Structure formats: C-alpha cells, structure tokens
$ cat work_31.pdb   # PDB, C-alpha atoms, pLDDT in the B column
MODEL        1
ATOM      1  CA  MET A 151      63.181 -76.499  70.808  1.00 46.00           C
ATOM      2  CA  VAL A 152      66.546 -75.044  69.788  1.00 41.00           C
ATOM      3  CA  THR A 153      68.342 -77.356  72.207  1.00 48.00           C
ATOM      4  CA  SER A 154      66.531 -80.378  70.774  1.00 48.00           C
ATOM      5  CA  LEU A 155      67.448 -79.447  67.196  1.00 44.00           C
ATOM      6  CA  TYR A 156      71.045 -78.866  68.245  1.00 46.00           C
ATOM      7  CA  ALA A 157      71.159 -82.300  69.862  1.00 48.00           C
ATOM      8  CA  VAL A 158      69.611 -84.026  66.832  1.00 48.00           C
ATOM      9  CA  PHE A 159      72.082 -82.214  64.567  1.00 47.00           C
ATOM     10  CA  PHE A 160      75.097 -83.529  66.449  1.00 48.00           C
ATOM     11  CA  VAL A 161      73.671 -87.043  66.775  1.00 49.00           C
ATOM     12  CA  ASN A 162      73.118 -87.210  63.019  1.00 48.00           C
ATOM     13  CA  TRP A 163      76.514 -85.678  62.377  1.00 45.00           C
ATOM     14  CA  SER A 164      78.120 -88.211  64.702  1.00 46.00           C
ATOM     15  CA  LEU A 165      76.461 -91.050  62.810  1.00 45.00           C
ATOM     16  CA  ASN A 166      78.276 -89.866  59.699  1.00 51.00           C
ATOM     17  CA  TYR A 167      81.535 -90.536  61.542  1.00 48.00           C
ATOM     18  CA  GLN A 168      80.504 -94.144  62.019  1.00 45.00           C
ATOM     19  CA  LYS A 169      80.215 -94.818  58.287  1.00 48.00           C
ATOM     20  CA  ASN A 170      82.850 -96.706  56.358  1.00 44.00           C
ATOM     21  CA  SER A 171      85.715 -94.300  55.794  1.00 47.00           C
ATOM     22  CA  LEU A 172      88.361 -94.199  53.138  1.00 53.00           C
ATOM     23  CA  ALA A 173      90.394 -97.389  53.051  1.00 53.00           C
ATOM     24  CA  GLN A 174      93.456 -96.967  55.246  1.00 52.00           C
ATOM     25  CA  GLN A 175      96.752 -96.671  53.433  1.00 50.00           C
ATOM     26  CA  GLU A 176      99.379 -99.296  54.104  1.00 50.00           C
ATOM     27  CA  ASP A 177     101.475 -98.739  57.217  1.00 53.00           C
ATOM     28  CA  THR A 178     104.498 -99.616  55.114  1.00 56.00           C
ATOM     29  CA  HIS A 179     104.018 -96.422  53.125  1.00 66.00           C
ATOM     30  CA  VAL A 180     106.791 -94.507  54.842  1.00 73.00           C
ATOM     31  CA  ILE A 181     107.051 -90.743  54.316  1.00 79.00           C
ATOM     32  CA  ASN A 182     110.253 -88.903  55.179  1.00 89.00           C
ATOM     33  CA  GLU A 183     111.581 -85.341  55.111  1.00 91.00           C
ATOM     34  CA  SER A 184     113.051 -85.811  51.645  1.00 93.00           C
ATOM     35  CA  ASP A 185     109.620 -86.818  50.295  1.00 93.00           C
ATOM     36  CA  LEU A 186     108.081 -83.696  51.823  1.00 94.00           C
ATOM     37  CA  ILE A 187     110.652 -81.388  50.232  1.00 94.00           C
ATOM     38  CA  HIS A 188     110.434 -83.126  46.849  1.00 95.00           C
ATOM     39  CA  TYR A 189     106.640 -82.900  46.857  1.00 96.00           C
ATOM     40  CA  THR A 190     106.722 -79.231  47.880  1.00 96.00           C
ATOM     41  CA  LEU A 191     109.104 -78.360  45.046  1.00 96.00           C
ATOM     42  CA  GLY A 192     106.742 -80.117  42.649  1.00 96.00           C
ATOM     43  CA  LEU A 193     103.817 -78.020  43.873  1.00 96.00           C
ATOM     44  CA  LEU A 194     105.824 -74.830  43.406  1.00 95.00           C
ATOM     45  CA  SER A 195     106.631 -75.878  39.846  1.00 94.00           C
ATOM     46  CA  ILE A 196     102.968 -76.563  39.063  1.00 92.00           C
ATOM     47  CA  LEU A 197     101.865 -73.241  40.528  1.00 91.00           C
ATOM     48  CA  ASN A 198     104.386 -71.348  38.441  1.00 90.00           C
ATOM     49  CA  GLU A 199     103.196 -73.164  35.321  1.00 88.00           C
ATOM     50  CA  LEU A 200      99.534 -72.410  36.039  1.00 85.00           C
ATOM     51  CA  ASP A 201     100.145 -68.851  37.246  1.00 77.00           C
ATOM     52  CA  SER A 202      99.982 -66.981  33.934  1.00 66.00           C
ATOM     53  CA  THR A 203      97.015 -68.939  32.542  1.00 68.00           C
ATOM     54  CA  THR A 204      95.033 -68.577  35.766  1.00 68.00           C
ATOM     55  CA  LEU A 205      95.617 -64.826  35.913  1.00 65.00           C
ATOM     56  CA  ASN A 206      94.178 -64.409  32.428  1.00 67.00           C
ATOM     57  CA  GLN A 207      91.032 -66.428  33.123  1.00 73.00           C
ATOM     58  CA  GLN A 208      87.638 -64.858  33.745  1.00 80.00           C
ATOM     59  CA  PRO A 209      86.830 -65.452  37.437  1.00 84.00           C
ATOM     60  CA  LEU A 210      84.128 -68.046  38.066  1.00 90.00           C
ATOM     61  CA  THR A 211      80.924 -67.082  39.829  1.00 95.00           C
ATOM     62  CA  THR A 212      80.203 -68.732  43.175  1.00 96.00           C
ATOM     63  CA  LYS A 213      77.657 -71.074  41.602  1.00 96.00           C
ATOM     64  CA  GLU A 214      80.095 -71.987  38.823  1.00 96.00           C
ATOM     65  CA  ILE A 215      82.722 -72.857  41.458  1.00 96.00           C
ATOM     66  CA  TYR A 216      80.268 -75.177  43.209  1.00 97.00           C
ATOM     67  CA  ASN A 217      79.331 -76.793  39.897  1.00 97.00           C
ATOM     68  CA  GLU A 218      83.000 -77.292  39.053  1.00 97.00           C
ATOM     69  CA  ALA A 219      83.614 -78.858  42.477  1.00 97.00           C
ATOM     70  CA  ARG A 220      80.923 -81.471  41.893  1.00 97.00           C
ATOM     71  CA  ALA A 221      81.960 -81.930  38.252  1.00 97.00           C
ATOM     72  CA  SER A 222      85.514 -82.673  39.393  1.00 96.00           C
ATOM     73  CA  TYR A 223      84.278 -85.693  41.348  1.00 96.00           C
ATOM     74  CA  LEU A 224      82.240 -86.932  38.397  1.00 95.00           C
ATOM     75  CA  HIS A 225      85.209 -86.449  36.080  1.00 94.00           C
ATOM     76  CA  TYR A 226      87.297 -88.544  38.465  1.00 94.00           C
ATOM     77  CA  ASP A 227      84.639 -91.245  38.860  1.00 92.00           C
ATOM     78  CA  PRO A 228      81.367 -90.958  36.849  1.00 92.00           C
ATOM     79  CA  HIS A 229      79.829 -93.833  38.843  1.00 88.00           C
ATOM     80  CA  ILE A 230      79.309 -91.669  41.936  1.00 90.00           C
ATOM     81  CA  GLU A 231      76.852 -89.296  40.260  1.00 90.00           C
ATOM     82  CA  GLU A 232      73.909 -90.938  42.033  1.00 87.00           C
ATOM     83  CA  LEU A 233      75.644 -90.343  45.380  1.00 88.00           C
ATOM     84  CA  LEU A 234      75.841 -86.590  44.711  1.00 90.00           C
ATOM     85  CA  PRO A 235      72.302 -85.451  43.894  1.00 85.00           C
ATOM     86  CA  SER A 236      73.049 -81.795  44.716  1.00 90.00           C
ATOM     87  CA  ILE A 237      75.837 -79.282  44.281  1.00 95.00           C
ATOM     88  CA  PRO A 238      77.341 -77.505  47.318  1.00 97.00           C
ATOM     89  CA  LYS A 239      75.486 -74.471  48.637  1.00 96.00           C
ATOM     90  CA  SER A 240      76.431 -71.208  50.307  1.00 97.00           C
ATOM     91  CA  SER A 241      75.494 -71.426  53.965  1.00 97.00           C
ATOM     92  CA  SER A 242      72.859 -69.031  55.274  1.00 96.00           C
ATOM     93  CA  ILE A 243      74.968 -68.668  58.435  1.00 96.00           C
ATOM     94  CA  SER A 244      78.230 -67.790  56.685  1.00 97.00           C
ATOM     95  CA  THR A 245      78.909 -64.800  58.922  1.00 96.00           C
ATOM     96  CA  LEU A 246      78.537 -66.942  62.040  1.00 94.00           C
ATOM     97  CA  LEU A 247      80.788 -69.592  60.513  1.00 94.00           C
ATOM     98  CA  SER A 248      83.413 -66.910  59.918  1.00 94.00           C
ATOM     99  CA  TYR A 249      83.379 -65.854  63.557  1.00 93.00           C
ATOM    100  CA  MET A 250      83.535 -69.521  64.583  1.00 89.00           C
ATOM    101  CA  GLY A 251      86.536 -70.063  62.305  1.00 88.00           C
ATOM    102  CA  TYR A 252      84.878 -72.631  59.996  1.00 91.00           C
ATOM    103  CA  GLY A 253      85.056 -72.837  56.219  1.00 94.00           C
ATOM    104  CA  GLY A 254      81.986 -75.019  55.815  1.00 95.00           C
ATOM    105  CA  TYR A 255      80.138 -78.061  57.102  1.00 93.00           C
ATOM    106  CA  TYR A 256      78.168 -81.113  56.085  1.00 94.00           C
ATOM    107  CA  ASN A 257      74.462 -80.760  56.903  1.00 92.00           C
ATOM    108  CA  PRO A 258      73.252 -84.151  58.226  1.00 87.00           C
ATOM    109  CA  PHE A 259      69.586 -83.102  57.934  1.00 89.00           C
ATOM    110  CA  THR A 260      69.670 -82.365  54.186  1.00 90.00           C
ATOM    111  CA  HIS A 261      72.875 -84.273  53.310  1.00 90.00           C
ATOM    112  CA  GLU A 262      74.157 -81.132  51.618  1.00 94.00           C
ATOM    113  CA  ALA A 263      77.625 -79.626  51.469  1.00 96.00           C
ATOM    114  CA  GLN A 264      77.428 -76.137  52.987  1.00 97.00           C
ATOM    115  CA  VAL A 265      80.165 -73.572  52.260  1.00 98.00           C
ATOM    116  CA  ASN A 266      81.041 -70.378  54.105  1.00 97.00           C
ATOM    117  CA  ALA A 267      80.373 -67.879  51.307  1.00 97.00           C
ATOM    118  CA  LYS A 268      82.214 -65.118  53.164  1.00 97.00           C
ATOM    119  CA  LEU A 269      85.531 -66.824  52.453  1.00 97.00           C
ATOM    120  CA  PRO A 270      87.920 -65.331  49.913  1.00 95.00           C
ATOM    121  CA  HIS A 271      86.587 -66.349  46.510  1.00 93.00           C
ATOM    122  CA  PHE A 272      89.543 -68.564  45.649  1.00 91.00           C
ATOM    123  CA  ARG A 273      88.954 -70.745  48.755  1.00 94.00           C
ATOM    124  CA  LEU A 274      85.387 -71.702  47.879  1.00 96.00           C
ATOM    125  CA  GLY A 275      86.357 -74.507  45.496  1.00 96.00           C
ATOM    126  CA  THR A 276      88.533 -76.588  47.815  1.00 96.00           C
ATOM    127  CA  VAL A 277      86.164 -76.049  50.744  1.00 97.00           C
ATOM    128  CA  ALA A 278      83.346 -77.306  48.501  1.00 97.00           C
ATOM    129  CA  THR A 279      85.299 -80.406  47.468  1.00 97.00           C
ATOM    130  CA  HIS A 280      86.130 -81.033  51.142  1.00 95.00           C
ATOM    131  CA  GLU A 281      82.468 -80.957  52.140  1.00 96.00           C
ATOM    132  CA  ILE A 282      81.497 -83.135  49.177  1.00 96.00           C
ATOM    133  CA  ALA A 283      83.882 -85.747  50.562  1.00 94.00           C
ATOM    134  CA  HIS A 284      81.780 -85.733  53.741  1.00 92.00           C
ATOM    135  CA  GLN A 285      78.673 -86.206  51.585  1.00 92.00           C
ATOM    136  CA  LEU A 286      80.268 -89.371  50.247  1.00 91.00           C
ATOM    137  CA  GLY A 287      80.748 -90.714  53.760  1.00 88.00           C
ATOM    138  CA  ILE A 288      84.412 -89.746  54.162  1.00 88.00           C
ATOM    139  CA  ALA A 289      84.077 -88.702  57.783  1.00 81.00           C
ATOM    140  CA  PRO A 290      87.608 -88.158  59.204  1.00 82.00           C
ATOM    141  CA  GLU A 291      88.709 -84.593  58.605  1.00 84.00           C
ATOM    142  CA  ASP A 292      92.218 -85.489  57.461  1.00 85.00           C
ATOM    143  CA  GLN A 293      90.792 -87.817  54.816  1.00 88.00           C
ATOM    144  CA  ALA A 294      88.133 -85.324  53.673  1.00 91.00           C
ATOM    145  CA  ASN A 295      90.845 -82.684  53.477  1.00 91.00           C
ATOM    146  CA  PHE A 296      93.027 -84.988  51.397  1.00 93.00           C
ATOM    147  CA  ILE A 297      90.184 -86.057  49.117  1.00 94.00           C
ATOM    148  CA  GLY A 298      88.997 -82.485  48.589  1.00 96.00           C
ATOM    149  CA  ILE A 299      92.430 -81.281  47.525  1.00 96.00           C
ATOM    150  CA  TYR A 300      93.272 -84.441  45.566  1.00 96.00           C
ATOM    151  CA  ILE A 301      90.078 -84.282  43.494  1.00 97.00           C
ATOM    152  CA  ALA A 302      90.420 -80.539  42.880  1.00 97.00           C
ATOM    153  CA  MET A 303      94.005 -81.075  41.715  1.00 96.00           C
ATOM    154  CA  LYS A 304      92.657 -83.344  38.977  1.00 94.00           C
ATOM    155  CA  SER A 305      89.880 -80.964  37.961  1.00 94.00           C
ATOM    156  CA  GLU A 306      89.543 -79.918  34.329  1.00 92.00           C
ATOM    157  CA  ASN A 307      89.172 -76.352  35.565  1.00 91.00           C
ATOM    158  CA  LYS A 308      92.538 -74.559  35.844  1.00 89.00           C
ATOM    159  CA  SER A 309      91.395 -72.156  38.576  1.00 89.00           C
ATOM    160  CA  LEU A 310      90.282 -75.034  40.805  1.00 93.00           C
ATOM    161  CA  ARG A 311      93.536 -76.896  40.130  1.00 93.00           C
ATOM    162  CA  TYR A 312      95.502 -73.782  40.999  1.00 91.00           C
ATOM    163  CA  ASP A 313      93.658 -73.278  44.279  1.00 92.00           C
ATOM    164  CA  ALA A 314      94.074 -76.953  45.208  1.00 95.00           C
ATOM    165  CA  ASN A 315      97.804 -76.887  44.550  1.00 95.00           C
ATOM    166  CA  LEU A 316      98.123 -73.699  46.590  1.00 94.00           C
ATOM    167  CA  SER A 317      96.214 -75.295  49.475  1.00 94.00           C
ATOM    168  CA  ALA A 318      98.484 -78.342  49.357  1.00 95.00           C
ATOM    169  CA  LEU A 319     101.561 -76.098  49.225  1.00 95.00           C
ATOM    170  CA  LEU A 320     100.517 -74.184  52.331  1.00 93.00           C
ATOM    171  CA  TYR A 321     100.064 -77.441  54.253  1.00 92.00           C
ATOM    172  CA  CYS A 322     103.499 -78.616  53.116  1.00 94.00           C
ATOM    173  CA  LEU A 323     105.148 -75.324  54.039  1.00 94.00           C
ATOM    174  CA  ASN A 324     103.564 -75.525  57.475  1.00 91.00           C
ATOM    175  CA  ASP A 325     105.188 -78.947  57.949  1.00 91.00           C
ATOM    176  CA  ILE A 326     108.537 -77.689  56.661  1.00 93.00           C
ATOM    177  CA  TYR A 327     108.354 -74.736  59.046  1.00 92.00           C
ATOM    178  CA  GLN A 328     108.263 -77.211  61.928  1.00 89.00           C
ATOM    179  CA  ILE A 329     111.516 -78.873  60.870  1.00 90.00           C
ATOM    180  CA  ASP A 330     113.573 -76.237  59.016  1.00 93.00           C
ATOM    181  CA  ARG A 331     112.598 -72.566  59.261  1.00 94.00           C
ATOM    182  CA  GLU A 332     115.408 -71.407  56.993  1.00 96.00           C
ATOM    183  CA  LEU A 333     114.244 -73.741  54.225  1.00 95.00           C
ATOM    184  CA  TYR A 334     110.674 -72.602  54.849  1.00 94.00           C
ATOM    185  CA  GLN A 335     111.732 -68.996  54.255  1.00 95.00           C
ATOM    186  CA  ASP A 336     113.614 -69.879  51.064  1.00 96.00           C
ATOM    187  CA  LEU A 337     110.681 -71.839  49.640  1.00 95.00           C
ATOM    188  CA  SER A 338     108.159 -69.155  50.605  1.00 94.00           C
ATOM    189  CA  GLU A 339     110.073 -66.672  48.471  1.00 94.00           C
ATOM    190  CA  CYS A 340     109.538 -68.943  45.453  1.00 93.00           C
ATOM    191  CA  ILE A 341     105.735 -68.717  45.605  1.00 93.00           C
ATOM    192  CA  PRO A 342     104.291 -66.860  42.581  1.00 90.00           C
ATOM    193  CA  GLU A 343     103.091 -63.318  43.312  1.00 88.00           C
ATOM    194  CA  TYR A 344      99.464 -64.153  42.532  1.00 87.00           C
ATOM    195  CA  ALA A 345      99.489 -67.028  45.006  1.00 89.00           C
ATOM    196  CA  THR A 346     101.263 -64.907  47.624  1.00 91.00           C
ATOM    197  CA  ASN A 347      98.512 -62.292  47.363  1.00 91.00           C
ATOM    198  CA  GLN A 348      95.865 -64.985  47.818  1.00 90.00           C
ATOM    199  CA  TRP A 349      97.695 -66.265  50.880  1.00 91.00           C
ATOM    200  CA  LYS A 350      97.728 -62.763  52.358  1.00 93.00           C
ATOM    201  CA  GLU A 351      94.042 -62.310  51.540  1.00 94.00           C
ATOM    202  CA  MET A 352      93.181 -65.500  53.394  1.00 93.00           C
ATOM    203  CA  ASN A 353      95.151 -64.440  56.486  1.00 93.00           C
ATOM    204  CA  GLN A 354      93.518 -61.017  56.436  1.00 95.00           C
ATOM    205  CA  PHE A 355      90.085 -62.610  56.227  1.00 95.00           C
ATOM    206  CA  TRP A 356      90.558 -64.745  59.346  1.00 92.00           C
ATOM    207  CA  ASN A 357      92.103 -61.819  61.223  1.00 93.00           C
ATOM    208  CA  THR A 358      89.002 -59.768  60.445  1.00 94.00           C
ATOM    209  CA  TYR A 359      86.733 -62.312  62.130  1.00 90.00           C
ATOM    210  CA  LYS A 360      89.047 -63.189  64.992  1.00 85.00           C
ATOM    211  CA  ASN A 361      87.261 -62.997  68.344  1.00 68.00           C
ATOM    212  CA  HIS A 362      87.422 -64.266  71.929  1.00 61.00           C
ATOM    213  CA  LEU A 363      84.757 -66.953  71.394  1.00 56.00           C
ATOM    214  CA  GLU A 364      86.463 -68.662  68.439  1.00 53.00           C
ATOM    215  CA  PRO A 365      88.829 -70.722  70.648  1.00 56.00           C
ATOM    216  CA  LEU A 366      85.800 -72.012  72.554  1.00 51.00           C
ATOM    217  CA  PHE A 367      84.087 -73.112  69.344  1.00 47.00           C
ATOM    218  CA  LYS A 368      87.303 -74.795  68.211  1.00 45.00           C
ATOM    219  CA  LYS A 369      87.691 -76.511  71.585  1.00 51.00           C
ATOM    220  CA  GLY A 370      84.133 -77.841  71.394  1.00 48.00           C
ATOM    221  CA  PHE A 371      84.693 -79.180  67.886  1.00 43.00           C
ATOM    222  CA  ASP A 372      88.010 -80.662  68.972  1.00 47.00           C
ATOM    223  CA  LEU A 373      86.268 -82.635  71.731  1.00 49.00           C
ATOM    224  CA  PHE A 374      83.534 -83.680  69.308  1.00 43.00           C
ATOM    225  CA  LEU A 375      86.070 -85.079  66.844  1.00 45.00           C
ATOM    226  CA  LYS A 376      87.997 -86.910  69.556  1.00 45.00           C
ATOM    227  CA  SER A 377      84.786 -88.473  70.837  1.00 43.00           C
ATOM    228  CA  ASN A 378      84.151 -89.755  67.305  1.00 45.00           C
ATOM    229  CA  ARG A 379      87.341 -91.770  66.880  1.00 47.00           C
ATOM    230  CA  GLN A 380      89.577 -88.947  65.614  1.00 46.00           C
ATOM    231  CA  LYS A 381      92.425 -88.984  68.106  1.00 51.00           C
ATOM    232  CA  GLN A 382      94.090 -85.900  66.632  1.00 49.00           C
ATOM    233  CA  GLY A 383      90.927 -83.861  67.102  1.00 39.00           C
ATOM    234  CA  ILE A 384      90.982 -80.580  65.219  1.00 42.00           C
ATOM    235  CA  LYS A 385      94.669 -81.121  64.445  1.00 44.00           C
ATOM    236  CA  SER A 386      93.587 -83.888  62.059  1.00 40.00           C
ATOM    237  CA  TYR A 387      93.020 -81.193  59.423  1.00 39.00           C
ATOM    238  CA  GLN A 388      96.796 -80.850  59.274  1.00 56.00           C
ATOM    239  CA  GLN A 389      97.359 -84.531  58.398  1.00 75.00           C
ATOM    240  CA  VAL A 390      96.565 -83.961  54.720  1.00 87.00           C
ATOM    241  CA  THR A 391     100.240 -83.707  53.696  1.00 90.00           C
ATOM    242  CA  LYS A 392     101.123 -87.326  54.399  1.00 88.00           C
ATOM    243  CA  HIS A 393      98.106 -88.566  52.415  1.00 89.00           C
ATOM    244  CA  LEU A 394      98.953 -86.424  49.381  1.00 94.00           C
ATOM    245  CA  ILE A 395     102.588 -87.496  49.382  1.00 92.00           C
ATOM    246  CA  ARG A 396     101.692 -91.170  49.802  1.00 89.00           C
ATOM    247  CA  ALA A 397      99.247 -90.923  46.901  1.00 91.00           C
ATOM    248  CA  GLU A 398     102.006 -89.620  44.634  1.00 91.00           C
ATOM    249  CA  LYS A 399     104.912 -91.708  45.928  1.00 88.00           C
ATOM    250  CA  TYR A 400     103.048 -95.023  45.949  1.00 87.00           C
ATOM    251  CA  ASP A 401     100.688 -94.292  43.032  1.00 86.00           C
ATOM    252  CA  TRP A 402      97.724 -94.700  45.356  1.00 83.00           C
ATOM    253  CA  ALA A 403      94.296 -93.370  44.385  1.00 84.00           C
ATOM    254  CA  PRO A 404      91.074 -93.211  46.425  1.00 83.00           C
ATOM    255  CA  LYS A 405      87.993 -95.107  45.379  1.00 78.00           C
ATOM    256  CA  PHE A 406      84.424 -94.145  46.109  1.00 73.00           C
ATOM    257  CA  GLY A 407      81.248 -96.116  46.520  1.00 58.00           C
ATOM    258  CA  LEU A 408      78.723 -97.355  49.020  1.00 50.00           C
ATOM    259  CA  CYS A 409      81.046-100.133  50.205  1.00 48.00           C
ATOM    260  CA  ASN A 410      84.283 -98.099  50.399  1.00 48.00           C
TER     261      ASN A 410
ENDMDL
END

$ encode --input "work_31.pdb" --output "structure tokens"
Amino acid sequence: MVTSLYAVFFVNWSLNYQKNSLAQQEDTHVINESDLIHYTLGLLSILNELDSTTLNQQPLTTKEIYNEARASYLHYDPHIEELLPSIPKSSSISTLLSYMGYGGYYNPFTHEAQVNAKLPHFRLGTVATHEIAHQLGIAPEDQANFIGIYIAMKSENKSLRYDANLSALLYCLNDIYQIDRELYQDLSECIPEYATNQWKEMNQFWNTYKNHLEPLFKKGFDLFLKSNRQKQGIKSYQQVTKHLIRAEKYDWAPKFGLCN
C-alpha cells in the first residue's frame, strides 16, 4: 500500500514537470561578472535600508507569513487568485523533511504548498513563495526559486521583502565565492548584523539535522529532477542568480496564467 502511494505521488509530481513552465528568457540576455557584483551591491544597500525598520517590527506568526506569501502573488497579479485557492501549510512531516534536507514541497494530491515548519522562522516566507510557484505550474526548481524570491521582493510586507533580499544575497555571494574569494570576504563583512545572525541561524539549523542518509535523499531527488528535463538536477536551485539579474538588467517580469 505504502509503495503504491509512493509511486502515485511521484507520477503525479512528475506530471507537474510536464506543464508549461515560465517562458524562457532570451538567450541574448548576457550576464557577466560585473552584473553580478553590481546586483550584489544593490542587495546589500537594500538590506541596510530595511534593517532598522525590520528589527522594530512585531514578528509575524507562521500563519501570517503564509498569508503574506499568497498575498504577495495577488498583489503582483490579482488575476491569479482563482489559481491559488489555498494558502501554504506547515507540513505534518516537517521533522522528516529537516533530516532529508528539504525546505518544503508541492503536494500533487492536494495541490497544496507544504512548508517545513521546523525551519528558522525567517525562512518560512520565501520557502512558501517558492512552493506557491510550483502550485502555479512553474515546475523547474531554478524558475520556482527565482519566482519565489522575485515575488517576495515585491511584497508589501517589509519582513518578507527583507528575507527575500537576504536569500538573493546569499545566492549571489555563493557565486562570487566561486570567482573571487577575497571579494566574497569583503562583501560578507558588509552584511547587516541582523542578517548575519539569520545566516548563522540557518547554518546551525541544517547542521543540527545533518545525518548520513541526507546525501542519499538528495541523490534520489537529483536523479528525479534530471529524469524530468532538469539537466542541472539538484544544482538547478543555484541558478536563481542569473534569472534575478536578467530581470533587473533587461526589465523582464514573469507573467502567470493557465497558458504561460
């Protein structure tokens, strides 16, 4: 019985990867190292501007975060309300997800966005917006990652905007680390203290749940993604930077709908 349900789950999930995905950006949209550095400096500036106001805000409850995640999509495009009948939910298997190394998932049975509620509180919003992207039929992980952060960046809620900009910054710094470690170190020292503490909290969280089986789960998911037309496999999560930079540099914005 369990095996049958597991098989049906992955078949349904795979079908989601066959839906129309986000329109591909033009191949002529070239991104270079200078664009990456410029974009990263912009994120640092935004974080420093938001830092004091975010610190003074009353923290949102988990349910309020989920509501804000959905509201951010509707604020961006009110026409998709009918495509999002429910708000994201905390997964009942959050502990297992933590040991597996996952922040959330799209449930193909209920068409709901499920979030790992064990995550540090500040991560819930961008994970929720990521999974909502899957609800809308954005299957590739790099695109869902981009959409989730992009939409949260434009949220009316300052806390969600802050978390989205921090997420984008960490992706950019990871890319910079690969090309210039000295610059990476210099830029890391410019991160506001509040954001630095959140970064440390996130690393501590994943270290707490680190185990010998996690690489096996990741390997299985990697093969699953590659078998569903995502050549980068699990590394596709890291492709978000180029999408964000292209969106800013070429004034490109995603569109949602049944035919997109």

$ residues_around --input "work_31.pdb" --residues "Ala278 of chain A" --least-positions-apart "3" --cutoff "9 Å" --atoms "only C-alpha atoms" --output "compact mmCIF listing (two decimals) with C-alpha atoms, keeping the file's coordinate frame"
# COMPACT_ATOMS: atom_id res chain seq x y z
CA ILE A 215 82.72 -72.86 41.46
CA TYR A 216 80.27 -75.18 43.21
CA ALA A 219 83.61 -78.86 42.48
CA ARG A 220 80.92 -81.47 41.89
CA ILE A 237 75.84 -79.28 44.28
CA PRO A 238 77.34 -77.50 47.32
CA LYS A 239 75.49 -74.47 48.64
CA GLY A 254 81.99 -75.02 55.82
CA ALA A 263 77.62 -79.63 51.47
CA GLN A 264 77.43 -76.14 52.99
CA VAL A 265 80.17 -73.57 52.26
CA ARG A 273 88.95 -70.74 48.76
CA LEU A 274 85.39 -71.70 47.88
CA GLY A 275 86.36 -74.51 45.50
CA GLU A 281 82.47 -80.96 52.14
CA ILE A 282 81.50 -83.14 49.18
CA ALA A 283 83.88 -85.75 50.56
CA GLY A 298 89.00 -82.48 48.59

$ closest_residue --input "work_31.pdb" --among "A:Ile187, A:Val180, A:Leu394, A:Leu194" --to "Ser338 of chain A" --atoms "all atoms listed in the file"
A:Leu194

$ atom_distance --input "work_31.pdb" --atom1 "atom CA of Gln389 of chain A" --atom2 "atom CA of Asp325 of chain A"
9.6 Å

$ resolve_selection --input "work_31.pdb" --expression "the PyMOL selection byres ((chain A and resi 224) around 12)" --output "list in words"
Asn217, Glu218, Ala219, Arg220, Ala221, Ser222, Tyr223, His225, Tyr226, Asp227, Pro228, His229, Ile230, Glu231, Glu232, Leu233, Leu234, Pro235, Ile237, Thr279, Ile282, Ile301, Ala302, Lys304, Ser305, Glu306 and Phe406 of chain A

$ closest_residue --input "work_31.pdb" --among "A:Gln354, A:Thr391, A:Thr346, A:Gln293" --to "Pro404 of chain A" --atoms "all atoms listed in the file"
A:Gln293

$ atom_distance --input "work_31.pdb" --atom1 "atom CA of Met352 of chain A" --atom2 "atom CA of His271 of chain A"
9.6 Å

$ closest_residue --input "work_31.pdb" --among "A:Ile288, A:Leu186, A:Leu210, A:Thr260" --to "Lys405 of chain A" --atoms "all atoms listed in the file"
A:Ile288

$ atom_distance --input "work_31.pdb" --atom1 "atom CA of Ala314 of chain A" --atom2 "atom CA of Glu291 of chain A"
16.3 Å

$ resolve_selection --input "work_31.pdb" --expression "the PyMOL selection byres ((chain A and resi 403) around 10)" --output "ChimeraX atom specification"
/A:175,297,300,394,396-398,400-402,404-405

$ build_atoms --input "work_31.pdb" --residues "segment 225-236 of chain A" --atoms "N, CA and C atoms" --output "JSON list (two decimals), in the frame of the given file"
[["chain", "number", "residue", "atom", "x", "y", "z"],
["A", 225, "HIS", "N", 84.14, -86.24, 37.06],
["A", 225, "HIS", "CA", 85.21, -86.45, 36.08],
["A", 225, "HIS", "C", 86.16, -87.53, 36.57],
["A", 226, "TYR", "N", 86.40, -87.55, 37.86],
["A", 226, "TYR", "CA", 87.30, -88.54, 38.47],
["A", 226, "TYR", "C", 86.65, -89.93, 38.48],
["A", 227, "ASP", "N", 85.35, -89.97, 38.80],
["A", 227, "ASP", "CA", 84.64, -91.24, 38.86],
["A", 227, "ASP", "C", 83.16, -91.01, 38.54],
["A", 228, "PRO", "N", 82.75, -91.20, 37.28],
["A", 228, "PRO", "CA", 81.37, -90.96, 36.85],
["A", 228, "PRO", "C", 80.34, -91.80, 37.60],
["A", 229, "HIS", "N", 80.76, -92.92, 38.19],
["A", 229, "HIS", "CA", 79.83, -93.83, 38.84],
["A", 229, "HIS", "C", 79.23, -93.26, 40.13],
["A", 230, "ILE", "N", 79.82, -92.19, 40.67],
["A", 230, "ILE", "CA", 79.31, -91.67, 41.94],
["A", 230, "ILE", "C", 78.26, -90.58, 41.75],
["A", 231, "GLU", "N", 77.83, -90.36, 40.51],
["A", 231, "GLU", "CA", 76.85, -89.30, 40.26],
["A", 231, "GLU", "C", 75.60, -89.46, 41.12],
["A", 232, "GLU", "N", 75.13, -90.70, 41.26],
["A", 232, "GLU", "CA", 73.91, -90.94, 42.03],
["A", 232, "GLU", "C", 74.10, -90.65, 43.52],
["A", 233, "LEU", "N", 75.36, -90.63, 43.98],
["A", 233, "LEU", "CA", 75.64, -90.34, 45.38],
["A", 233, "LEU", "C", 75.73, -88.84, 45.65],
["A", 234, "LEU", "N", 75.74, -88.05, 44.57],
["A", 234, "LEU", "CA", 75.84, -86.59, 44.71],
["A", 234, "LEU", "C", 74.68, -85.92, 43.98],
["A", 235, "PRO", "N", 73.48, -86.01, 44.56],
["A", 235, "PRO", "CA", 72.30, -85.45, 43.89],
["A", 235, "PRO", "C", 72.27, -83.92, 43.84],
["A", 236, "SER", "N", 73.08, -83.26, 44.68],
["A", 236, "SER", "CA", 73.05, -81.80, 44.72],
["A", 236, "SER", "C", 74.46, -81.23, 44.70]]
